[in-house]
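What's in my_file-v2.cif: mmCIF, C-alpha atoms
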data_input
#
loop_
_atom_site.group_PDB
_atom_site.id
_atom_site.type_symbol
_atom_site.label_atom_id
_atom_site.label_comp_id
_atom_site.auth_asym_id
_atom_site.auth_seq_id
_atom_site.Cartn_x
_atom_site.Cartn_y
_atom_site.Cartn_z
ATOM 1 C CA LEU O 1 -3.514 1.829 -19.215
ATOM 2 C CA GLY O 2 -4.371 -1.808 -18.475
ATOM 3 C CA GLU O 3 -0.715 -2.512 -17.700
ATOM 4 C CA THR O 4 -0.604 0.494 -15.374
ATOM 5 C CA LEU O 5 -3.709 -0.663 -13.487
ATOM 6 C CA LEU O 6 -2.303 -4.184 -13.247
ATOM 7 C CA MET O 7 1.011 -2.857 -11.898
ATOM 8 C CA ALA O 8 -0.831 -0.839 -9.255
ATOM 9 C CA TYR O 9 -3.098 -3.778 -8.357
ATOM 10 C CA VAL O 10 -0.352 -6.407 -8.021
ATOM 11 C CA GLY O 11 2.016 -3.982 -6.275
ATOM 12 C CA THR O 12 -0.713 -2.959 -3.805
ATOM 13 C CA LEU O 13 -1.668 -6.584 -3.145
ATOM 14 C CA LEU O 14 1.925 -7.679 -2.483
ATOM 15 C CA GLY O 15 2.662 -4.612 -0.357
ATOM 16 C CA ALA O 16 -0.533 -5.019 1.675
ATOM 17 C CA LEU O 17 0.216 -8.700 2.360
ATOM 18 C CA GLY O 18 3.719 -7.791 3.537
ATOM 19 C CA ALA O 19 2.375 -4.944 5.681
ATOM 20 C CA PHE O 20 -0.236 -7.278 7.196
ATOM 21 C CA LEU O 21 2.504 -9.687 8.265
ATOM 22 C CA LEU O 22 4.749 -6.956 9.687
ATOM 23 C CA CYS O 23 2.262 -4.591 11.339
ATOM 24 C CA PHE O 24 1.682 -6.736 14.422
ATOM 25 C CA LEU O 25 5.449 -6.883 14.976
ATOM 26 C CA ALA O 26 5.700 -3.096 14.546
ATOM 27 C CA ALA O 27 2.859 -2.221 16.965
ATOM 28 C CA ALA O 28 4.317 -1.412 20.399
ATOM 29 C CA ASN O 29 1.319 -2.763 22.350
ATOM 30 C CA VAL O 30 1.342 -6.274 20.856
ATOM 31 C CA ALA O 31 4.911 -6.861 19.575
ATOM 32 C CA PRO O 32 6.384 -9.986 21.186
ATOM 33 C CA ARG O 33 9.829 -8.331 21.636
ATOM 34 C CA ARG O 34 10.756 -4.656 21.979
ATOM 35 C CA TRP O 35 13.884 -4.990 19.828
ATOM 36 C CA LEU O 36 11.869 -6.715 17.080
ATOM 37 C CA CYS O 37 9.390 -3.815 17.063
ATOM 38 C CA ILE O 38 12.258 -1.326 16.605
ATOM 39 C CA VAL O 39 13.916 -3.342 13.797
ATOM 40 C CA VAL O 40 10.640 -3.786 11.877
ATOM 41 C CA ARG O 41 9.781 -0.084 12.220
ATOM 42 C CA ARG O 42 13.204 0.981 10.886
ATOM 43 C CA PHE O 43 12.860 -1.425 7.950
ATOM 44 C CA CYS O 44 9.411 -0.038 7.094
ATOM 45 C CA GLU O 45 10.732 3.523 7.340
ATOM 46 C CA LEU O 46 13.424 2.648 4.801
ATOM 47 C CA CYS O 47 10.830 1.155 2.433
ATOM 48 C CA ARG O 48 8.615 4.234 2.451
ATOM 49 C CA THR O 49 11.373 6.895 2.583
ATOM 50 C CA VAL O 50 13.042 5.968 -0.719
ATOM 51 C CA PRO O 51 10.880 7.343 -3.579
ATOM 52 C CA GLU O 52 9.087 4.836 -5.806
ATOM 53 C CA LEU O 53 10.888 6.136 -8.906
ATOM 54 C CA VAL O 54 14.269 5.437 -7.296
ATOM 55 C CA PHE O 55 13.201 1.870 -6.525
ATOM 56 C CA ALA O 56 11.849 1.535 -10.083
ATOM 57 C CA LEU O 57 15.148 2.756 -11.552
ATOM 58 C CA MET O 58 17.095 0.277 -9.412
ATOM 59 C CA PHE O 59 14.849 -2.596 -10.508
ATOM 60 C CA VAL O 60 15.050 -1.544 -14.177
ATOM 61 C CA ILE O 61 18.835 -1.791 -13.884
ATOM 62 C CA ALA O 62 18.520 -5.165 -12.127
ATOM 63 C CA PHE O 63 15.749 -6.816 -14.185
ATOM 64 C CA GLY O 64 15.570 -4.766 -17.381
ATOM 65 C CA LEU O 65 12.786 -2.663 -18.883
ATOM 66 C CA GLY O 66 9.172 -3.626 -18.242
ATOM 67 C CA PRO O 67 6.379 -3.711 -15.671
ATOM 68 C CA MET O 68 8.220 -6.114 -13.307
ATOM 69 C CA ALA O 69 10.339 -3.216 -12.055
ATOM 70 C CA GLY O 70 7.242 -1.066 -11.531
ATOM 71 C CA VAL O 71 5.395 -3.771 -9.605
ATOM 72 C CA LEU O 72 8.339 -4.318 -7.236
ATOM 73 C CA ALA O 73 8.787 -0.585 -6.683
ATOM 74 C CA VAL O 74 5.096 -0.100 -5.889
ATOM 75 C CA ALA O 75 5.065 -3.175 -3.629
ATOM 76 C CA ILE O 76 8.047 -2.074 -1.524
ATOM 77 C CA HIS O 77 6.798 1.487 -1.106
ATOM 78 C CA THR O 78 3.295 0.215 -0.278
ATOM 79 C CA LEU O 79 4.697 -2.193 2.304
ATOM 80 C CA GLY O 80 6.455 0.677 4.076
ATOM 81 C CA ALA O 81 3.471 3.024 3.999
ATOM 82 C CA LEU O 82 0.784 0.487 4.947
ATOM 83 C CA SER O 83 2.903 -1.086 7.698
ATOM 84 C CA LYS O 84 2.928 2.241 9.527
ATOM 85 C CA GLN O 85 -0.798 2.808 9.064
ATOM 86 C CA PHE O 86 -1.702 -0.760 10.004
ATOM 87 C CA ALA O 87 0.546 -0.646 13.090
ATOM 88 C CA GLU O 88 -1.109 2.587 14.252
ATOM 89 C CA VAL O 89 -4.528 0.933 13.884
ATOM 90 C CA VAL O 90 -3.326 -2.046 15.939
ATOM 91 C CA GLU O 91 -1.932 0.275 18.628
ATOM 92 C CA ASN O 92 -5.417 1.748 19.114
ATOM 93 C CA ILE O 93 -7.250 -1.535 19.687
ATOM 94 C CA ASP O 94 -8.943 -2.607 22.900
ATOM 95 C CA MET O 95 -6.418 -4.963 24.539
ATOM 96 C CA LYS O 96 -8.999 -6.849 26.620
ATOM 97 C CA PRO O 97 -9.862 -9.415 23.890
ATOM 98 C CA VAL O 98 -6.138 -10.015 23.266
ATOM 99 C CA GLU O 99 -5.488 -10.462 26.977
ATOM 100 C CA GLY O 100 -8.510 -12.775 27.227
ATOM 101 C CA VAL O 101 -7.158 -15.050 24.475
ATOM 102 C CA ALA O 102 -3.654 -14.941 26.012
ATOM 103 C CA SER O 103 -5.063 -15.932 29.429
ATOM 104 C CA THR O 104 -6.151 -19.284 27.974
ATOM 105 C CA GLY O 105 -2.504 -20.101 27.280
ATOM 106 C CA ALA O 106 -2.823 -19.506 23.530
ATOM 107 C CA ALA O 107 0.244 -18.627 21.446
ATOM 108 C CA TRP O 108 0.959 -15.023 20.401
ATOM 109 C CA HIS O 109 -0.253 -15.515 16.822
ATOM 110 C CA VAL O 110 -3.538 -16.991 18.085
ATOM 111 C CA GLY O 111 -4.054 -13.899 20.252
ATOM 112 C CA MET O 112 -3.503 -11.699 17.196
ATOM 113 C CA ARG O 113 -5.863 -13.811 15.072
ATOM 114 C CA PHE O 114 -8.795 -13.883 17.491
ATOM 115 C CA GLY O 115 -8.143 -10.875 19.750
ATOM 116 C CA ALA O 116 -6.766 -8.175 17.453
ATOM 117 C CA LEU O 117 -7.684 -9.024 13.852
ATOM 118 C CA PRO O 118 -11.495 -8.728 14.185
ATOM 119 C CA GLN O 119 -11.038 -5.174 15.521
ATOM 120 C CA VAL O 120 -8.747 -3.948 12.730
ATOM 121 C CA MET O 121 -9.732 -5.790 9.543
ATOM 122 C CA SER O 122 -12.149 -3.176 8.172
ATOM 123 C CA ASN O 123 -9.563 -0.414 8.669
ATOM 124 C CA PHE O 124 -6.900 -2.544 6.986
ATOM 125 C CA VAL O 125 -9.107 -2.984 3.908
ATOM 126 C CA SER O 126 -9.979 0.723 3.909
ATOM 127 C CA TYR O 127 -6.317 1.792 3.992
ATOM 128 C CA THR O 128 -5.438 -0.741 1.296
ATOM 129 C CA LEU O 129 -8.108 0.653 -1.036
ATOM 130 C CA LEU O 130 -6.841 4.176 -0.398
ATOM 131 C CA ARG O 131 -3.304 3.021 -1.163
ATOM 132 C CA PHE O 132 -4.443 1.393 -4.413
ATOM 133 C CA GLU O 133 -5.799 4.735 -5.562
ATOM 134 C CA ILE O 134 -2.447 6.381 -4.717
ATOM 135 C CA ASN O 135 -0.536 3.589 -6.470
ATOM 136 C CA VAL O 136 -2.468 4.044 -9.712
ATOM 137 C CA ARG O 137 -1.113 7.592 -9.850
ATOM 138 C CA GLY O 138 2.366 6.345 -8.922
ATOM 139 C CA ALA O 139 2.318 3.551 -11.516
ATOM 140 C CA ALA O 140 1.297 6.049 -14.198
ATOM 141 C CA VAL O 141 4.724 7.710 -14.033
ATOM 142 C CA MET O 142 6.817 4.533 -13.644
ATOM 143 C CA GLY O 143 7.287 4.489 -17.407
ATOM 144 C CA PHE O 144 9.436 7.623 -17.102
ATOM 145 C CA VAL O 145 12.287 5.349 -15.993
ATOM 146 C CA GLY O 146 11.333 2.435 -18.255
ATOM 147 C CA ALA O 147 9.174 0.482 -15.797
ATOM 148 C CA GLY O 148 6.238 0.013 -18.176
ATOM 149 C CA GLY O 149 2.683 1.289 -18.130
ATOM 150 C CA ILE O 150 1.072 4.334 -19.667
ATOM 151 C CA GLY O 151 3.934 6.507 -18.405
ATOM 152 C CA GLN O 152 6.190 5.002 -21.077
ATOM 153 C CA ASP O 153 3.859 6.243 -23.816
ATOM 154 C CA LEU O 154 3.576 9.588 -22.066
ATOM 155 C CA ILE O 155 7.333 10.198 -21.865
ATOM 156 C CA GLU O 156 7.755 9.180 -25.529
ATOM 157 C CA ALA O 157 5.030 11.625 -26.586
ATOM 158 C CA ILE O 158 6.693 14.398 -24.539
ATOM 159 C CA ARG O 159 10.108 13.697 -26.113
ATOM 160 C CA LYS O 160 8.633 13.756 -29.627
ATOM 161 C CA PHE O 161 6.626 16.929 -28.889
ATOM 162 C CA TYR O 162 3.309 15.192 -29.687
ATOM 163 C CA TYR O 163 1.335 17.517 -27.443
ATOM 164 C CA SER O 164 -2.079 16.292 -28.576
ATOM 165 C CA ASP O 165 -1.043 12.756 -27.525
ATOM 166 C CA VAL O 166 0.309 14.101 -24.230
ATOM 167 C CA SER O 167 -3.022 15.845 -23.552
ATOM 168 C CA ALA O 168 -5.007 12.701 -24.427
ATOM 169 C CA LEU O 169 -2.859 10.495 -22.180
ATOM 170 C CA LEU O 170 -3.121 12.953 -19.290
ATOM 171 C CA LEU O 171 -6.912 13.086 -19.662
ATOM 172 C CA ILE O 172 -7.058 9.266 -19.647
ATOM 173 C CA ILE O 173 -4.957 9.133 -16.458
ATOM 174 C CA ILE O 174 -7.041 11.843 -14.751
ATOM 175 C CA ALA O 175 -10.351 10.178 -15.701
ATOM 176 C CA THR O 176 -9.117 6.764 -14.520
ATOM 177 C CA VAL O 177 -7.910 8.108 -11.172
ATOM 178 C CA MET O 178 -11.215 9.960 -10.666
ATOM 179 C CA VAL O 179 -13.262 6.806 -11.309
ATOM 180 C CA ILE O 180 -11.079 4.720 -8.981
ATOM 181 C CA ASP O 181 -11.241 7.463 -6.351
ATOM 182 C CA LEU O 182 -15.061 7.517 -6.452
ATOM 183 C CA VAL O 183 -15.392 3.708 -6.329
ATOM 184 C CA THR O 184 -12.853 3.182 -3.511
ATOM 185 C CA GLU O 185 -14.329 6.092 -1.542
ATOM 186 C CA GLN O 186 -17.751 4.442 -1.587
ATOM 187 C CA VAL O 187 -16.307 1.084 -0.517
ATOM 188 C CA ARG O 188 -14.233 2.699 2.262
ATOM 189 C CA HIS O 189 -17.236 4.598 3.664
ATOM 190 C CA ARG O 190 -19.311 1.439 3.642
ATOM 191 C CA LEU O 191 -16.580 -0.533 5.427
ATOM 192 C CA ILE O 192 -16.016 2.136 8.066
ATOM 193 C CA GLY O 193 -19.776 2.504 8.571
ATOM 194 C CA GLU O 194 -20.208 -1.236 9.095
ATOM 195 C CA ALA O 195 -17.259 -1.345 11.485
ATOM 196 C CA ARG O 196 -18.728 1.293 13.806
ATOM 197 C CA PRO O 197 -20.577 -0.065 16.820
ATOM 198 C CA ARG O 198 -24.355 0.482 16.755
#
Target encoding structure tokens, full file:
Amino acid sequence: LGETLLMAYVGTLLGALGAFLLCFLAAANVAPRRWLCIVVRRFCELCRTVPELVFALMFVIAFGLGPMAGVLAVAIHTLGALSKQFAEVVENIDMKPVEGVASTGAAWHVGMRFGALPQVMSNFVSYTLLRFEINVRGAAVMGFVGAGGIGQDLIEAIRKFYYSDVSALLLIIIATVMVIDLVTEQVRHRLIGEARPR
């Protein structure tokens, strides 16, 4: 279970960092070049369209059995999913602060840092927490293709017809996801509440 949570955590962190770097290029209102926006969007679509298990299977073949394959699969799928969500958040910002920074002659990345980022950061964190919760469920079945985690124990118990073990493992997964869901929900509500203007 610890390995599964670690896979979900590291995969979410890597995917969120990648999505953070790409989302400003994928947002139509702030992208520096139209063609770059299109290329980044197509790349992100590819990352989120291929199922995580397919990525995990490919990485198991490439790197061998173990959690490394699961982490990479979660990270790539997370990058694709969060890039779209982050870009949509950026597309809904008030452009006046960005234009104000740009009017001083500042570079594009400075405009994003001081004009766009303060408006979107709480939503970025909220979506990342939501994605972590989703990734815990995804990482739990990565072991089905040999990518480590509690899923590996689960598939072995199913193959050996140890149904009491299967039931126990499923209850552990369900309880873990419920706890994470409750904790991340509270954090998300607090972040969104603080981000709203008073």
request  = Please identify all polymer residues within 12 Å of O:Leu5, counting all atoms listed in the file, omitting same-chain residues fewer than 6 positions from it, and present them as a list in words.
outcome  = Gly11, Thr12, Pro67, Gly70, Val71, Val74, Phe132, Glu133, Ile134, Asn135, Val136, Arg137, Gly138, Ala139, Ala140, Val141, Met142, Gly148, Gly149, Ile150, Gly151, Ile173, Thr176, Val177 and Ile180 of chain O
inquiry  = Counting all atoms listed in the file, which residue out of O:Ala175, O:Ala8, O:Leu129, O:Leu169 sits closest to O:Ala69?
reply    =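 Of the candidates, the smallest distance to O:Ala69 is held by O:Ala8.
Proximity ranking of O:Val110, O:Ala56, O:Lys84, O:Phe63 relative to O:Val40 places O:Lys84 first, based on only C-alpha atoms.
Of the listed residues O:Leu46, O:Ile174, O:Ile155, O:Met112, the one whose atoms come nearest to O:Val90 is O:Met112, with distances taken using all atoms listed in the file.
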request  = Check which residues satisfy the PyMOL selection byres ((chain O and resi 115) around 9) in the file shown, then give them as a ChimeraX atom specification.
outcome  = /O:94-102,110-114,116-119
inquiry  = Expand the PyMOL selection byres ((chain O and resi 59) around 9) into the explicit residue set it covers here, and present it as a list in words.
reply    =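 When the PyMOL selection byres ((chain O and resi 59) around 9) is applied to the shown file, the picked residues are Val54, Phe55, Ala56, Leu57, Met58, Val60, Ile61, Ala62, Phe63, Gly64, Leu65, Met68, Ala69, Gly70, Leu72, Ala73 and Ala147 of chain O.
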Take the PyMOL selection byres ((chain O and resi 24) around 10), run it mentally on this structure, and tell me the resulting residues as a compact mmCIF listing (two decimals) with C-alpha atoms, in the coordinates of the input.
# COMPACT_ATOMS: atom_id res chain seq x y z
CA ALA O 19 2.38 -4.94 5.68
CA PHE O 20 -0.24 -7.28 7.20
CA LEU O 21 2.50 -9.69 8.26
CA LEU O 22 4.75 -6.96 9.69
CA CYS O 23 2.26 -4.59 11.34
CA LEU O 25 5.45 -6.88 14.98
CA ALA O 26 5.70 -3.10 14.55
CA ALA O 27 2.86 -2.22 16.96
CA ALA O 28 4.32 -1.41 20.40
CA ASN O 29 1.32 -2.76 22.35
CA VAL O 30 1.34 -6.27 20.86
CA ALA O 31 4.91 -6.86 19.58
CA PRO O 32 6.38 -9.99 21.19
CA CYS O 37 9.39 -3.82 17.06
CA VAL O 40 10.64 -3.79 11.88
CA SER O 83 2.90 -1.09 7.70
CA PHE O 86 -1.70 -0.76 10.00
CA ALA O 87 0.55 -0.65 13.09
CA GLU O 88 -1.11 2.59 14.25
CA VAL O 89 -4.53 0.93 13.88
CA VAL O 90 -3.33 -2.05 15.94
CA GLU O 91 -1.93 0.28 18.63
CA HIS O 109 -0.25 -15.52 16.82
CA MET O 112 -3.50 -11.70 17.20
CA ALA O 116 -6.77 -8.18 17.45
CA LEU O 117 -7.68 -9.02 13.85
inquiry  = One number please: atom CA of O:Met121 to atom CA of O:Gly2, in Å, one decimal.
reply    = 28.8 Å
query = Can you tell me how far atom CA of O:Val10 sits from atom CA of O:Ala75, in Å to one decimal?
reply =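 Between atom CA of O:Val10 and atom CA of O:Ala75 the gap works out to 7.7 Å.
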request  = Report the distance between atom CA of O:Gly18 and atom CA of O:Ala106 in Å, rounded to one decimal place.
outcome  =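 Pair atom CA of O:Gly18 / atom CA of O:Ala106 returns 24.1 Å.
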Kindly provide, as AutoDock Vina command-line options, the centre and edge lengths (Å, one decimal) of an axis-aligned box around all atoms of stretch 94-103 of chain O given in the file, with 4 Å on each side.
--center_x -6.8 --center_y -9.3 --center_z 26.2 --size_x 14.2 --size_y 21.3 --size_z 14.5
